[in-house]
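As provided, work.txt (compact mmCIF, C-alpha atoms and all ligand atoms) reads as follows.
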```
# COMPACT_ATOMS: atom_id res chain seq x y z
CA MET H 3 121.39 -54.16 146.16
CA ALA H 4 122.12 -57.70 147.18
CA HIS H 5 118.82 -59.28 146.54
CA THR H 6 118.19 -57.60 143.23
CA LYS H 7 117.32 -60.32 140.76
CA LEU H 8 120.36 -61.26 138.70
CA THR H 9 119.67 -62.47 135.19
CA TYR H 10 121.45 -63.68 132.07
CA PRO H 11 123.74 -62.44 130.63
CA TYR H 12 125.44 -62.07 133.99
CA LYS H 13 128.07 -59.39 134.52
CA LEU H 14 130.48 -58.18 137.15
CA PRO H 15 128.84 -55.51 139.31
CA GLU H 16 130.37 -52.12 140.02
CA LEU H 17 132.68 -52.68 142.96
CA GLY H 18 131.87 -49.22 144.32
CA PHE H 19 135.21 -48.66 146.05
CA ASP H 20 138.96 -48.72 145.38
CA TYR H 21 140.89 -51.95 145.69
CA ALA H 22 142.94 -50.36 148.49
CA ALA H 23 139.91 -49.13 150.44
CA LEU H 24 139.83 -52.10 152.83
CA GLU H 25 143.53 -52.05 153.73
CA PRO H 26 145.06 -53.17 155.98
CA SER H 27 142.34 -55.77 156.66
CA ILE H 28 142.13 -56.81 152.99
CA ASP H 29 144.99 -55.76 150.73
CA ALA H 30 144.60 -54.09 147.33
CA ARG H 31 146.25 -56.83 145.28
CA THR H 32 144.00 -59.50 146.77
CA MET H 33 140.95 -57.33 146.08
CA ASP H 34 141.98 -56.74 142.45
CA ILE H 35 142.63 -60.42 141.72
CA HIS H 36 139.65 -61.62 143.74
CA PHE H 37 137.21 -59.28 142.04
CA ASN H 38 138.44 -59.35 138.46
CA LYS H 39 139.91 -62.82 138.09
CA HIS H 40 137.96 -64.99 140.51
CA HIS H 41 134.54 -63.31 140.47
CA GLY H 42 135.04 -62.42 136.80
CA GLY H 43 135.81 -66.05 136.08
CA TYR H 44 132.59 -67.24 137.73
CA VAL H 45 130.58 -64.79 135.65
CA ASN H 46 132.20 -65.82 132.39
CA LYS H 47 131.85 -69.55 133.08
CA LEU H 48 128.23 -69.15 134.20
CA ASN H 49 127.37 -67.36 130.96
CA ALA H 50 129.22 -69.99 128.95
CA ALA H 51 127.31 -72.81 130.67
CA LEU H 52 123.97 -71.15 129.88
CA GLU H 53 124.76 -70.17 126.31
CA GLY H 54 121.96 -71.22 123.99
CA ARG H 55 119.79 -72.39 126.91
CA ALA H 56 116.87 -70.00 126.56
CA GLU H 57 114.69 -71.93 129.02
CA LEU H 58 117.30 -71.45 131.77
CA GLN H 59 118.34 -67.92 130.80
CA ARG H 60 114.91 -66.52 131.61
CA HIS H 61 115.11 -67.53 135.28
CA ASP H 62 116.85 -65.28 137.79
CA LEU H 63 119.90 -66.69 139.52
CA VAL H 64 118.30 -67.39 142.92
CA THR H 65 115.52 -69.34 141.21
CA LEU H 66 118.04 -71.25 139.12
CA LEU H 67 120.14 -72.21 142.15
CA GLY H 68 117.07 -73.17 144.13
CA ASN H 69 116.01 -75.60 141.38
CA LEU H 70 119.25 -77.24 140.31
CA ASP H 71 117.40 -80.51 139.71
CA ALA H 72 115.77 -78.82 136.73
CA VAL H 73 119.14 -77.94 135.21
CA PRO H 74 120.44 -80.55 132.74
CA GLU H 75 123.04 -82.77 134.30
CA SER H 76 125.68 -81.85 131.73
CA ILE H 77 125.83 -78.26 133.03
CA ARG H 78 124.43 -78.68 136.55
CA GLN H 79 127.79 -78.64 138.33
CA ALA H 80 128.98 -75.64 136.30
CA VAL H 81 125.81 -73.72 137.14
CA ARG H 82 126.10 -74.66 140.81
CA ASN H 83 129.76 -73.65 141.11
CA ASN H 84 129.77 -70.55 138.96
CA GLY H 85 126.23 -69.40 139.71
CA GLY H 86 126.91 -69.75 143.41
CA GLY H 87 130.24 -68.01 142.92
CA HIS H 88 128.57 -65.06 141.23
CA LEU H 89 125.73 -64.75 143.75
CA ASN H 90 127.99 -65.11 146.79
CA HIS H 91 130.53 -62.53 145.64
CA PHE H 92 127.79 -60.16 144.50
CA LEU H 93 126.71 -59.97 148.16
CA PHE H 94 130.22 -60.04 149.62
CA TRP H 95 131.42 -56.81 147.96
CA GLN H 96 128.34 -54.98 149.14
CA ILE H 97 128.71 -55.87 152.80
CA LEU H 98 132.36 -54.78 152.59
CA LYS H 99 131.65 -51.40 151.02
CA PRO H 100 133.53 -48.85 153.17
CA GLY H 101 131.40 -46.68 155.44
CA GLY H 102 128.29 -47.45 157.41
CA ALA H 103 127.95 -48.62 160.97
CA SER H 104 130.70 -50.75 162.52
CA ALA H 105 128.17 -52.81 164.51
CA PRO H 106 124.56 -53.82 163.93
CA GLN H 107 121.92 -51.25 164.84
CA GLY H 108 118.21 -51.14 165.55
CA GLU H 109 116.02 -54.09 164.62
CA LEU H 110 118.91 -56.23 163.41
CA ARG H 111 120.80 -55.63 166.65
CA ARG H 112 117.78 -56.66 168.69
CA ALA H 113 117.23 -59.73 166.52
CA ILE H 114 120.86 -60.84 166.89
CA GLU H 115 120.73 -60.34 170.63
CA GLY H 116 117.39 -62.10 170.89
CA LYS H 117 118.32 -65.09 168.78
CA LEU H 118 122.08 -65.43 169.22
CA GLY H 119 122.63 -63.97 172.70
CA SER H 120 124.74 -60.89 172.06
CA PHE H 121 126.71 -59.25 169.27
CA ASP H 122 129.92 -60.72 170.71
CA ALA H 123 128.37 -64.19 170.97
CA PHE H 124 127.24 -63.89 167.36
CA LYS H 125 130.73 -62.84 166.21
CA GLU H 126 132.22 -65.81 168.03
CA GLU H 127 129.75 -68.26 166.49
CA PHE H 128 130.26 -66.81 163.01
CA SER H 129 134.07 -66.81 163.38
CA GLN H 130 133.97 -70.45 164.46
CA ALA H 131 131.87 -71.32 161.43
CA ALA H 132 134.48 -69.60 159.25
CA MET H 133 137.39 -71.34 160.98
CA ASN H 134 135.76 -74.77 161.00
CA ARG H 135 134.91 -74.77 157.30
CA PHE H 136 137.44 -77.32 156.07
CA GLY H 137 138.89 -76.34 152.72
CA SER H 138 137.01 -73.77 150.67
CA GLY H 139 133.67 -72.22 151.47
CA TRP H 140 131.79 -69.50 153.26
CA ALA H 141 130.40 -68.51 156.66
CA TRP H 142 127.00 -66.83 156.69
CA LEU H 143 124.40 -65.06 158.76
CA VAL H 144 121.10 -65.97 157.14
CA ILE H 145 117.37 -65.69 157.61
CA THR H 146 115.92 -69.17 157.33
CA ALA H 147 112.69 -70.00 155.52
CA ALA H 148 111.09 -70.03 158.99
CA GLY H 149 112.20 -66.43 159.52
CA GLU H 150 114.94 -67.16 162.07
CA LEU H 151 118.42 -65.67 162.15
CA LYS H 152 121.02 -68.40 161.93
CA VAL H 153 124.79 -68.81 161.45
CA ILE H 154 125.67 -71.42 158.83
CA SER H 155 128.57 -72.45 156.63
CA THR H 156 128.56 -73.71 153.04
CA PRO H 157 131.23 -75.64 151.13
CA ASN H 158 132.78 -74.54 147.83
CA GLN H 159 130.52 -71.92 146.20
CA ASP H 160 127.25 -73.35 147.45
CA ALA H 161 124.87 -70.46 148.14
CA PRO H 162 122.44 -70.19 151.07
CA SER H 163 119.57 -69.76 148.62
CA MET H 164 120.11 -73.33 147.41
CA THR H 165 118.45 -74.42 150.65
CA GLY H 166 115.99 -71.54 150.92
CA ASP H 167 117.99 -69.31 153.28
CA VAL H 168 118.43 -65.59 152.62
CA PRO H 169 122.00 -64.41 153.27
CA LEU H 170 122.55 -61.17 155.17
CA LEU H 171 126.30 -61.38 155.79
CA GLY H 172 128.90 -63.66 154.24
CA LEU H 173 132.60 -64.27 154.61
CA ASP H 174 134.61 -65.91 151.86
CA VAL H 175 137.15 -68.29 153.38
CA TRP H 176 138.61 -69.62 150.13
CA GLU H 177 142.38 -69.20 150.23
CA HIS H 178 142.11 -66.85 147.23
CA ALA H 179 140.40 -64.38 149.58
CA TYR H 180 143.32 -64.06 151.97
CA TYR H 181 146.40 -66.11 151.12
CA LEU H 182 148.56 -63.37 149.56
CA HIS H 183 148.46 -61.32 152.73
CA TYR H 184 147.70 -63.82 155.50
CA GLN H 185 149.08 -67.08 154.05
CA ASN H 186 147.82 -69.86 156.35
CA ARG H 187 146.54 -67.47 159.04
CA ARG H 188 142.82 -67.70 158.35
CA ASP H 189 142.15 -66.77 161.97
CA GLU H 190 143.74 -63.32 161.49
CA TYR H 191 141.79 -62.77 158.28
CA VAL H 192 138.55 -63.69 160.05
CA ALA H 193 139.36 -61.42 163.03
CA ASN H 194 140.15 -58.47 160.73
CA PHE H 195 136.99 -59.05 158.66
CA TRP H 196 135.01 -57.47 161.49
CA ASN H 197 136.88 -54.18 160.88
CA VAL H 198 135.45 -53.85 157.37
CA VAL H 199 131.83 -55.02 157.59
CA ASN H 200 129.29 -52.36 156.60
CA TRP H 201 126.48 -53.02 159.06
CA ASP H 202 124.21 -50.44 157.46
CA VAL H 203 124.10 -52.64 154.37
CA VAL H 204 123.53 -55.81 156.42
CA GLY H 205 120.75 -54.03 158.31
CA HIS H 206 119.15 -52.98 155.04
CA PHE H 207 119.10 -56.59 153.83
CA PHE H 208 117.52 -57.62 157.11
CA GLU H 209 114.76 -55.04 156.77
CA GLN H 210 114.07 -56.23 153.22
CA HIS H 211 113.59 -59.83 154.26
CA ARG H 212 112.41 -60.21 157.83
MN MN3 G 1 136.08 -65.63 146.49
```

How would this structure read if it were set down as structure tokens?
Amino acid sequence: MAHTKLTYPYKLPELGFDYAALEPSIDARTMDIHFNKHHGGYVNKLNAALEGRAELQRHDLVTLLGNLDAVPESIRQAVRNNGGGHLNHFLFWQILKPGGASAPQGELRRAIEGKLGSFDAFKEEFSQAAMNRFGSGWAWLVITAAGELKVISTPNQDAPSMTGDVPLLGLDVWEHAYYLHYQNRRDEYVANFWNVVNWDVVGHFFEQHR
């Protein structure tokens, strides 16, 4: 599951569903290219950056990204970009896996309502974070180090764990995630994202980390 420790050599996970399974919200061609070419590229480049670096290979990916200062400068940006890319997509496919609840349940529901007002208010805040991310990046629902639910956004492939947050839900707003089907209409992609979130998985992550 999402917060399994990922270690070198890194590899693409099992997607666990067909490329067409999220249509019409996310089209099959985008899924195929996104998973194999983009996520696959991050994995390959991360492994290449860490080749021969035994002292870095023995750390799990969250630890590595949380201590980038300890990574030699010559490969630091590559580890940040491609390590973040791997970790972010590793979570993304899981929260999109078809099935599960279409809205948060139980403890997670109560926590969202308690901290963020209501499920609708949360969706609005998260959607705004996704829309307001200029250029490439992600919107997230995280648990902060202080144990609070929070909506954040990160640029590029920066991962919430770089600042000590634990991601529960993420939305990739790089153009590669939507451009074939939606072109410039990020707002439609964000609106349709809510049709394909597996809230059972998000709830499971919450129970693991609250
Ligand atoms: Mn992506």

What residues have any atom no more than 7 Å from ligand MN3 1 (chain G) when counting only C-alpha atoms and all ligand atoms, and can you list them as a VMD selection string? chain H and resid 36 40 to 41 91 174 176 178 to 179

Minimum-distance residue to Ala131 (chain H), chosen among H:Pro162, H:Gly172, H:Gly102, H:Gly87 (using all atoms listed in the file):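 Looking at the shortest contact to Ala131 (chain H), the residue is H:Gly172.
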
H:Tyr180, H:Phe195, H:Phe92, H:Phe207 ranked by distance to Ile35 (chain H), top pick (using all atoms listed in the file):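 Smallest distance to Ile35 (chain H) is found for H:Tyr180.
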
CA of Ser138 (chain H) to CA of Pro157 (chain H), straight-line distance in Å: 6.1 Å

Residues within 10 Å of Leu118 (chain H), only C-alpha atoms, excluding chain neighbours under 4 positions, as a list in words: Arg112, Ala113, Ile114, Asp122, Ala123, Phe124, Lys125, Glu127, Leu151, Lys152 and Val153 of chain H

Residues near Gly205 (chain H), cut-off 9 Å, all atoms listed in the file, skip fewer than 4 positions along chain, as an MDAnalysis selection string: chainID H and resid 106:111 170 200:201 209:210

Work out how far CA of Asp20 (chain H) is from CA of Val192 (chain H), in Å to one decimal.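 Spanning CA of Val192 (chain H) to CA of Asp20 (chain H) is a straight-line distance of 21.0 Å.
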
Please list, as a ChimeraX atom specification, the residues that have an atom at most 9 Å away from (129.3, -68.4, 152.2) in the coordinates of this file, counting all atoms listed in the file. /H:90-91,94,132,139-143,154-162,169,171-175

Dump C-alpha atoms for the selected residues as an mmCIF file, in the frame of the given file?
```
data_model
loop_
_atom_site.group_PDB
_atom_site.id
_atom_site.type_symbol
_atom_site.label_atom_id
_atom_site.label_comp_id
_atom_site.auth_asym_id
_atom_site.auth_seq_id
_atom_site.Cartn_x
_atom_site.Cartn_y
_atom_site.Cartn_z
ATOM 1 C CA ASN H 90 127.990 -65.110 146.790
ATOM 2 C CA HIS H 91 130.530 -62.530 145.640
ATOM 3 C CA PHE H 94 130.220 -60.040 149.620
ATOM 4 C CA ALA H 132 134.480 -69.600 159.250
ATOM 5 C CA GLY H 139 133.670 -72.220 151.470
ATOM 6 C CA TRP H 140 131.790 -69.500 153.260
ATOM 7 C CA ALA H 141 130.400 -68.510 156.660
ATOM 8 C CA TRP H 142 127.000 -66.830 156.690
ATOM 9 C CA LEU H 143 124.400 -65.060 158.760
ATOM 10 C CA ILE H 154 125.670 -71.420 158.830
ATOM 11 C CA SER H 155 128.570 -72.450 156.630
ATOM 12 C CA THR H 156 128.560 -73.710 153.040
ATOM 13 C CA PRO H 157 131.230 -75.640 151.130
ATOM 14 C CA ASN H 158 132.780 -74.540 147.830
ATOM 15 C CA GLN H 159 130.520 -71.920 146.200
ATOM 16 C CA ASP H 160 127.250 -73.350 147.450
ATOM 17 C CA ALA H 161 124.870 -70.460 148.140
ATOM 18 C CA PRO H 162 122.440 -70.190 151.070
ATOM 19 C CA PRO H 169 122.000 -64.410 153.270
ATOM 20 C CA LEU H 171 126.300 -61.380 155.790
ATOM 21 C CA GLY H 172 128.900 -63.660 154.240
ATOM 22 C CA LEU H 173 132.600 -64.270 154.610
ATOM 23 C CA ASP H 174 134.610 -65.910 151.860
ATOM 24 C CA VAL H 175 137.150 -68.290 153.380
#
```

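With distances taken over all atoms listed in the file, H:Met133 is the one residue among H:Met133, H:Val45, H:Arg55, H:Ser104 lying closest to Arg187 (chain H).
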
Could you jot down the CA of Ser120 (chain H) to CA of Pro100 (chain H) separation for me, Å, one decimal place?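 One can read the CA of Ser120 (chain H) to CA of Pro100 (chain H) distance as 24.1 Å.
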
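Each of H:Asn83, H:Thr9, H:Asn186, H:Thr146 was checked against Leu58 (chain H) using only C-alpha atoms; the smallest atom-to-atom distance is that of H:Thr9.
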
Top pick for closest residue to Gly101 (chain H), considering H:Ala50, H:Leu67, H:Val144, H:Leu24 and counting all atoms listed in the file: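 Under the stated criterion, the closest residue is H:Leu24.
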
Taking 3 positions as the minimum chain separation for residues in the same chain, which residues sit within 7 Å of Ser163 (chain H) when counting only C-alpha atoms? Answer as an MDAnalysis selection string. chainID H and resid 64 67:68 166:168

Applying 9 Å and all atoms listed in the file, which residues near Ala22 (chain H) remain after dropping the ones on its own chain fewer than 6 positions away? List them as a list in words. Ile28, Asp29, Ala30, Arg31, Met33 and Asp34 of chain H

Would you mind telling me which residue in H:Lys13, H:Gln185, H:Phe19, H:Ser129 lies nearest to Lys99 (chain H) when using all atoms listed in the file?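 Closest candidate: H:Phe19.
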
If we count only C-alpha atoms and set the cut-off at 10 Å, which residues sit around region 59-63 of chain H, ignoring sequence neighbours fewer than 4 positions away in its own chain? Please answer as number ranges by chain. H: 6-12, 49, 52-55, 67-69, 81, 85-86, 88-89, 163

Could you add N, CA and C atoms to region 105-131 of chain H and give me the result as a CSV table (one decimal), in the frame of the given file?
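So selection-v2.csv came out as:
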```
chain,number,residue,atom,x,y,z
H,105,ALA,N,128.9,-51.8,163.7
H,105,ALA,CA,128.2,-52.8,164.5
H,105,ALA,C,126.7,-52.7,164.1
H,106,PRO,N,126.0,-53.8,164.3
H,106,PRO,CA,124.6,-53.8,163.9
H,106,PRO,C,123.8,-52.8,164.8
H,107,GLN,N,122.7,-52.3,164.2
H,107,GLN,CA,121.9,-51.2,164.8
H,107,GLN,C,120.5,-51.7,164.8
H,108,GLY,N,119.7,-51.1,165.7
H,108,GLY,CA,118.2,-51.1,165.6
H,108,GLY,C,117.6,-52.5,165.6
H,109,GLU,N,116.7,-52.8,164.6
H,109,GLU,CA,116.0,-54.1,164.6
H,109,GLU,C,117.0,-55.3,164.4
H,110,LEU,N,118.0,-55.1,163.6
H,110,LEU,CA,118.9,-56.2,163.4
H,110,LEU,C,119.7,-56.5,164.7
H,111,ARG,N,120.1,-55.5,165.4
H,111,ARG,CA,120.8,-55.6,166.6
H,111,ARG,C,119.9,-56.4,167.6
H,112,ARG,N,118.7,-56.0,167.7
H,112,ARG,CA,117.8,-56.7,168.7
H,112,ARG,C,117.5,-58.1,168.3
H,113,ALA,N,117.5,-58.4,167.0
H,113,ALA,CA,117.2,-59.7,166.5
H,113,ALA,C,118.4,-60.6,166.8
H,114,ILE,N,119.6,-60.1,166.6
H,114,ILE,CA,120.9,-60.8,166.9
H,114,ILE,C,120.9,-61.1,168.4
H,115,GLU,N,120.7,-60.1,169.2
H,115,GLU,CA,120.7,-60.3,170.6
H,115,GLU,C,119.7,-61.3,171.1
H,116,GLY,N,118.5,-61.2,170.5
H,116,GLY,CA,117.4,-62.1,170.9
H,116,GLY,C,117.6,-63.5,170.5
H,117,LYS,N,118.2,-63.7,169.3
H,117,LYS,CA,118.3,-65.1,168.8
H,117,LYS,C,119.7,-65.7,169.1
H,118,LEU,N,120.7,-64.9,169.1
H,118,LEU,CA,122.1,-65.4,169.2
H,118,LEU,C,122.8,-65.0,170.5
H,119,GLY,N,122.1,-64.3,171.4
H,119,GLY,CA,122.6,-64.0,172.7
H,119,GLY,C,123.1,-62.6,172.8
H,120,SER,N,124.2,-62.2,172.0
H,120,SER,CA,124.7,-60.9,172.1
H,120,SER,C,125.5,-60.7,170.8
H,121,PHE,N,125.9,-59.5,170.5
H,121,PHE,CA,126.7,-59.2,169.3
H,121,PHE,C,128.0,-60.0,169.4
H,122,ASP,N,128.6,-60.0,170.5
H,122,ASP,CA,129.9,-60.7,170.7
H,122,ASP,C,129.7,-62.2,170.6
H,123,ALA,N,128.6,-62.7,171.1
H,123,ALA,CA,128.4,-64.2,171.0
H,123,ALA,C,128.1,-64.5,169.5
H,124,PHE,N,127.4,-63.7,168.8
H,124,PHE,CA,127.2,-63.9,167.4
H,124,PHE,C,128.6,-63.9,166.6
H,125,LYS,N,129.4,-62.9,166.9
H,125,LYS,CA,130.7,-62.8,166.2
H,125,LYS,C,131.5,-64.1,166.5
H,126,GLU,N,131.5,-64.6,167.7
H,126,GLU,CA,132.2,-65.8,168.0
H,126,GLU,C,131.7,-67.0,167.2
H,127,GLU,N,130.4,-67.1,167.2
H,127,GLU,CA,129.8,-68.3,166.5
H,127,GLU,C,130.1,-68.2,165.0
H,128,PHE,N,130.0,-67.0,164.4
H,128,PHE,CA,130.3,-66.8,163.0
H,128,PHE,C,131.7,-67.1,162.7
H,129,SER,N,132.6,-66.6,163.6
H,129,SER,CA,134.1,-66.8,163.4
H,129,SER,C,134.4,-68.3,163.5
H,130,GLN,N,133.8,-69.0,164.4
H,130,GLN,CA,134.0,-70.4,164.5
H,130,GLN,C,133.5,-71.2,163.2
H,131,ALA,N,132.4,-70.7,162.7
H,131,ALA,CA,131.9,-71.3,161.4
H,131,ALA,C,132.9,-71.1,160.3
```
